[in-house]
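Have a look at the structure below, then the notes.
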Amino acid sequence: MNHFEDLKDKVVVITGSGRGIGKGIAEAFADAGSKVVITDIDPATAEATAKEIAAKGVETLSVVCDVSKKESADNLINQTVEKFGGVDILVNNAGTTKDGLFIRMKPEQWQMIIDINLTGTYLVTSAAVNVMRKKKSGNVINLTSVNALGVPGQANYAASKAGVIGFTKALAKELAPMGIRVNAVAPGFIETFLTSLIPEKMAEEMVKHIPLQRKGQPSDIAKPILFLASDMASYITGEVLNVNGGLNGVH
């Protein structure tokens with residue numbers, strides 16, 4: 001049963017959707033009947049996921065995108081408009097980590113994370129909003145993180161994800177008169193390729209701090225995003241929805 005009938009045929013752009021949380025989000029929108037734009041920095045990954053999702057019977061588009069570059073972000077939205085005629089929903093999911101203790105952190109280590117996680121969110125949103133405002137409707141959902149609150153070894157990542165929260169709240173107020181809603185989702189410890197690189201003992205220790213006693217799945221993030229994108233959330237903007245199994249604060 002599809003609880004999200006209003007998402008049928010909506011054009012959804014999901015950055016970093018070749019794998020992990022982004023792919024889970026793309027699959028959920030496809031199940032709701034949306035037209036899905038898959039983006040990844042790796043062409044083969046984007047193409048393979050787009051083909052997989054097209055098999056669900058929905059229209060897809062695969063675009064290679066480096067969100068940290070303006071011309072690449074603009075190209076993503078231009079290609080989407082060319083194929084589907086507009087953009088209804090943007091999910092800014094693309095992000096990465098480059099952890100390290102602050103006293104050893106190199107400027108390039110800092111800059112890379114800010115460029116992808118924060119500036120990338122700004123660049124793709126800027127291009128998409130230019131299209132959305134002409135229709136006076138649209139929906140932007142940004143991915144932040146439970147670690148926006150700060151954990152040791154992630155000064156760069158925490159700063160970028162805290163920045164996404166401020167960006168979300170400011171933009172929600174600015175774009176509300178244009179009929180565009182802006183919200184964020186803050187995932188906790190989710191099972192993805194990136195988190196699979198965490199040593200097993202450390203991962204087990206992290207799970208002990210989660211009240212629900214398990215890692216989340218990409219689908220655990222996808223469902224709240226569908227809710228925020230749908231008419232069920234039509235009076236919600238400027239909010240950060242924590243999806244973390246009860247994990248709050250530093251761990």
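In the structure tokens, the first chain shown is A, the next is B, and so on; residue numbers restart at 1 for each chain, and ligands run from 1 in the order shown.
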
Report the closest atom pair, with its distance in Å rounded to one decimal, for each residue of stretch 103-168 of chain A that has an atom no farther than 10 Å from stretch 186-203 of chain A; count only C-alpha atoms, sort by chain and then rising residue number, and write it as CSV.
residue,atom,partner,partner_atom,distance
A:Asn142,CA,A:Ala186,CA,8.6
A:Leu143,CA,A:Ala186,CA,6.0
A:Thr144,CA,A:Ala186,CA,4.7
A:Ser145,CA,A:Ala186,CA,4.2
A:Val146,CA,A:Gly188,CA,5.2
A:Asn147,CA,A:Gly188,CA,7.8
A:Ala148,CA,A:Ala186,CA,8.4
A:Lys161,CA,A:Ala186,CA,8.9
A:Ile165,CA,A:Ala186,CA,9.1

Restrict the selected residues to C-alpha atoms and save them as a PDB file, in the first residue's frame.
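Written out: out_10.pdb:
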ATOM      1  CA  ASN A 142      18.906  18.349   3.664  1.00  0.00           C
ATOM      2  CA  LEU A 143      20.830  15.569   5.369  1.00  0.00           C
ATOM      3  CA  THR A 144      22.646  16.673   8.505  1.00  0.00           C
ATOM      4  CA  SER A 145      23.836  14.292  11.254  1.00  0.00           C
ATOM      5  CA  VAL A 146      23.604  13.429  14.945  1.00  0.00           C
ATOM      6  CA  ASN A 147      27.319  14.309  14.920  1.00  0.00           C
ATOM      7  CA  ALA A 148      26.525  17.946  14.160  1.00  0.00           C
ATOM      8  CA  LYS A 161      26.666  19.379   9.364  1.00  0.00           C
ATOM      9  CA  ILE A 165      21.144  22.986  10.106  1.00  0.00           C
TER      10      ILE A 165
END

task: Tell me, as an NGL selection string, which residues lie within 8 Å of A:Gly95, counting only C-alpha atoms; anything in the same chain fewer than 2 positions away does not count.
output: :A and (16 or 93 or 97 or 113 or 116-117)

Proximity to A:Asn130 - best of A:Pro152, A:Gly100, A:Pro107, A:Gly86, only C-alpha atoms: A:Gly86

- request: Excluding A:Val129 and residues on its chain fewer than 3 positions from it, collect all residues at most 12 Å away from it, counting only C-alpha atoms, and give them as JSON, numbers by chain.
  value: {"A": [74, 77, 86, 87, 88, 89, 90, 121, 122, 123, 124, 125, 126, 132, 133, 134, 135, 136, 137, 138, 139, 140, 171, 172, 174, 175, 176, 178, 179, 180, 181, 182]}

Store the residues picked out above in a file with N, CA and C atoms, as a short mmCIF file (atom, residue, chain, number, x, y, z; two decimals), in the first residue's frame.
data_model
loop_
_atom_site.label_atom_id
_atom_site.label_comp_id
_atom_site.auth_asym_id
_atom_site.auth_seq_id
_atom_site.Cartn_x
_atom_site.Cartn_y
_atom_site.Cartn_z
N ASP A 74 24.93 22.94 -11.43
CA ASP A 74 24.04 23.55 -12.42
C ASP A 74 23.66 22.55 -13.50
N ILE A 77 20.88 20.06 -12.42
CA ILE A 77 19.52 20.60 -12.47
C ILE A 77 19.10 20.87 -13.91
N GLY A 86 11.12 19.99 -14.89
CA GLY A 86 11.18 20.74 -13.63
C GLY A 86 11.78 19.91 -12.52
N VAL A 87 11.77 20.46 -11.31
CA VAL A 87 12.24 19.76 -10.10
C VAL A 87 11.21 20.03 -9.01
N ASP A 88 10.64 18.97 -8.45
CA ASP A 88 9.67 19.13 -7.37
C ASP A 88 10.32 18.99 -6.00
N ILE A 89 11.24 18.03 -5.89
CA ILE A 89 11.84 17.71 -4.59
C ILE A 89 13.35 17.55 -4.77
N LEU A 90 14.10 18.18 -3.88
CA LEU A 90 15.56 18.00 -3.85
C LEU A 90 15.94 17.42 -2.50
N THR A 121 25.70 21.46 -0.64
CA THR A 121 24.28 21.63 -0.33
C THR A 121 23.78 22.98 -0.84
N TYR A 122 24.58 24.01 -0.61
CA TYR A 122 24.23 25.36 -1.10
C TYR A 122 24.14 25.40 -2.63
N LEU A 123 25.14 24.84 -3.32
CA LEU A 123 25.20 24.96 -4.79
C LEU A 123 24.04 24.25 -5.48
N VAL A 124 23.75 23.03 -5.04
CA VAL A 124 22.65 22.28 -5.69
C VAL A 124 21.30 22.92 -5.34
N THR A 125 21.16 23.36 -4.09
CA THR A 125 19.91 24.03 -3.69
C THR A 125 19.70 25.30 -4.48
N SER A 126 20.76 26.07 -4.66
CA SER A 126 20.68 27.33 -5.42
C SER A 126 20.15 27.09 -6.83
N MET A 132 12.36 25.92 -8.95
CA MET A 132 11.16 25.77 -8.10
C MET A 132 10.38 27.08 -7.94
N ARG A 133 11.10 28.18 -7.79
CA ARG A 133 10.41 29.44 -7.48
C ARG A 133 9.52 29.91 -8.63
N LYS A 134 9.84 29.47 -9.86
CA LYS A 134 9.00 29.85 -11.00
C LYS A 134 7.62 29.22 -10.89
N LYS A 135 7.56 28.04 -10.25
CA LYS A 135 6.27 27.35 -10.05
C LYS A 135 5.64 27.69 -8.72
N LYS A 136 6.39 28.42 -7.89
CA LYS A 136 5.94 28.75 -6.53
C LYS A 136 5.60 27.51 -5.71
N SER A 137 6.39 26.45 -5.93
CA SER A 137 6.24 25.25 -5.10
C SER A 137 7.52 24.43 -5.18
N GLY A 138 7.79 23.70 -4.11
CA GLY A 138 8.99 22.87 -4.09
C GLY A 138 9.29 22.42 -2.69
N ASN A 139 10.26 21.53 -2.61
CA ASN A 139 10.57 20.89 -1.35
C ASN A 139 12.06 20.56 -1.31
N VAL A 140 12.74 21.07 -0.29
CA VAL A 140 14.17 20.77 -0.14
C VAL A 140 14.36 20.06 1.20
N LEU A 171 16.93 29.29 5.32
CA LEU A 171 16.32 29.16 3.99
C LEU A 171 14.82 28.92 4.08
N ALA A 172 14.41 28.14 5.08
CA ALA A 172 12.98 27.86 5.26
C ALA A 172 12.20 29.16 5.40
N GLU A 174 13.18 32.20 4.34
CA GLU A 174 13.27 32.98 3.10
C GLU A 174 12.36 32.46 2.00
N LEU A 175 12.27 31.13 1.90
CA LEU A 175 11.57 30.54 0.76
C LEU A 175 10.10 30.25 1.01
N ALA A 176 9.67 30.33 2.26
CA ALA A 176 8.25 30.06 2.58
C ALA A 176 7.28 30.89 1.74
N MET A 178 7.53 31.74 -1.18
CA MET A 178 7.53 31.21 -2.56
C MET A 178 6.90 29.82 -2.64
N GLY A 179 6.38 29.34 -1.52
CA GLY A 179 5.74 28.01 -1.52
C GLY A 179 6.73 26.87 -1.48
N ILE A 180 7.97 27.16 -1.06
CA ILE A 180 9.01 26.12 -0.99
C ILE A 180 9.30 25.80 0.47
N ARG A 181 9.16 24.53 0.83
CA ARG A 181 9.46 24.09 2.20
C ARG A 181 10.90 23.56 2.26
N VAL A 182 11.57 23.80 3.39
CA VAL A 182 12.95 23.35 3.58
C VAL A 182 13.07 22.71 4.96
#

task: Would you please give, as a ChimeraX atom specification, all residues of stretch 42-153 of chain A that DSSP assigns to helix (DSSP H, G or I) based on the backbone?
output: /A:43-54,70-84,102-104,107-135,146-149

message: If you run DSSP on the backbone here, which positions in stretch 101-162 of chain A get strand (DSSP E)? Please write them as a list in words.
response: Gly138, Asn139, Val140, Ile141, Asn142 and Leu143 of chain A

Kindly save the residues from that selection, with N, CA and C atoms included, as a short mmCIF file (atom, residue, chain, number, x, y, z; two decimals), in the first residue's frame.
data_model
loop_
_atom_site.label_atom_id
_atom_site.label_comp_id
_atom_site.auth_asym_id
_atom_site.auth_seq_id
_atom_site.Cartn_x
_atom_site.Cartn_y
_atom_site.Cartn_z
N GLY A 138 7.79 23.70 -4.11
CA GLY A 138 8.99 22.87 -4.09
C GLY A 138 9.29 22.42 -2.69
N ASN A 139 10.26 21.53 -2.61
CA ASN A 139 10.57 20.89 -1.35
C ASN A 139 12.06 20.56 -1.31
N VAL A 140 12.74 21.07 -0.29
CA VAL A 140 14.17 20.77 -0.14
C VAL A 140 14.36 20.06 1.20
N ILE A 141 15.05 18.91 1.14
CA ILE A 141 15.34 18.15 2.37
C ILE A 141 16.84 17.92 2.44
N ASN A 142 17.46 18.44 3.50
CA ASN A 142 18.91 18.35 3.66
C ASN A 142 19.26 17.28 4.69
N LEU A 143 20.34 16.56 4.41
CA LEU A 143 20.83 15.57 5.37
C LEU A 143 21.89 16.21 6.26
#

- request: Find the residue from A:Ala55, A:Ile236, A:Leu241, A:Val67 that sits nearest to A:Lys223; use only C-alpha atoms when measuring.
  value: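 Going through A:Ala55, A:Ile236, A:Leu241, A:Val67 one by one, the smallest distance to A:Lys223 is for A:Leu241.
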
message: With distances taken over only C-alpha atoms, which residue among A:Ile210, A:Pro218, A:Pro177, A:Glu47 lies nearest A:Thr237?
response: A:Pro177

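Atom pair atom CA of A:Lys10 / atom CA of A:Tyr235: separated by 18.8 Å.
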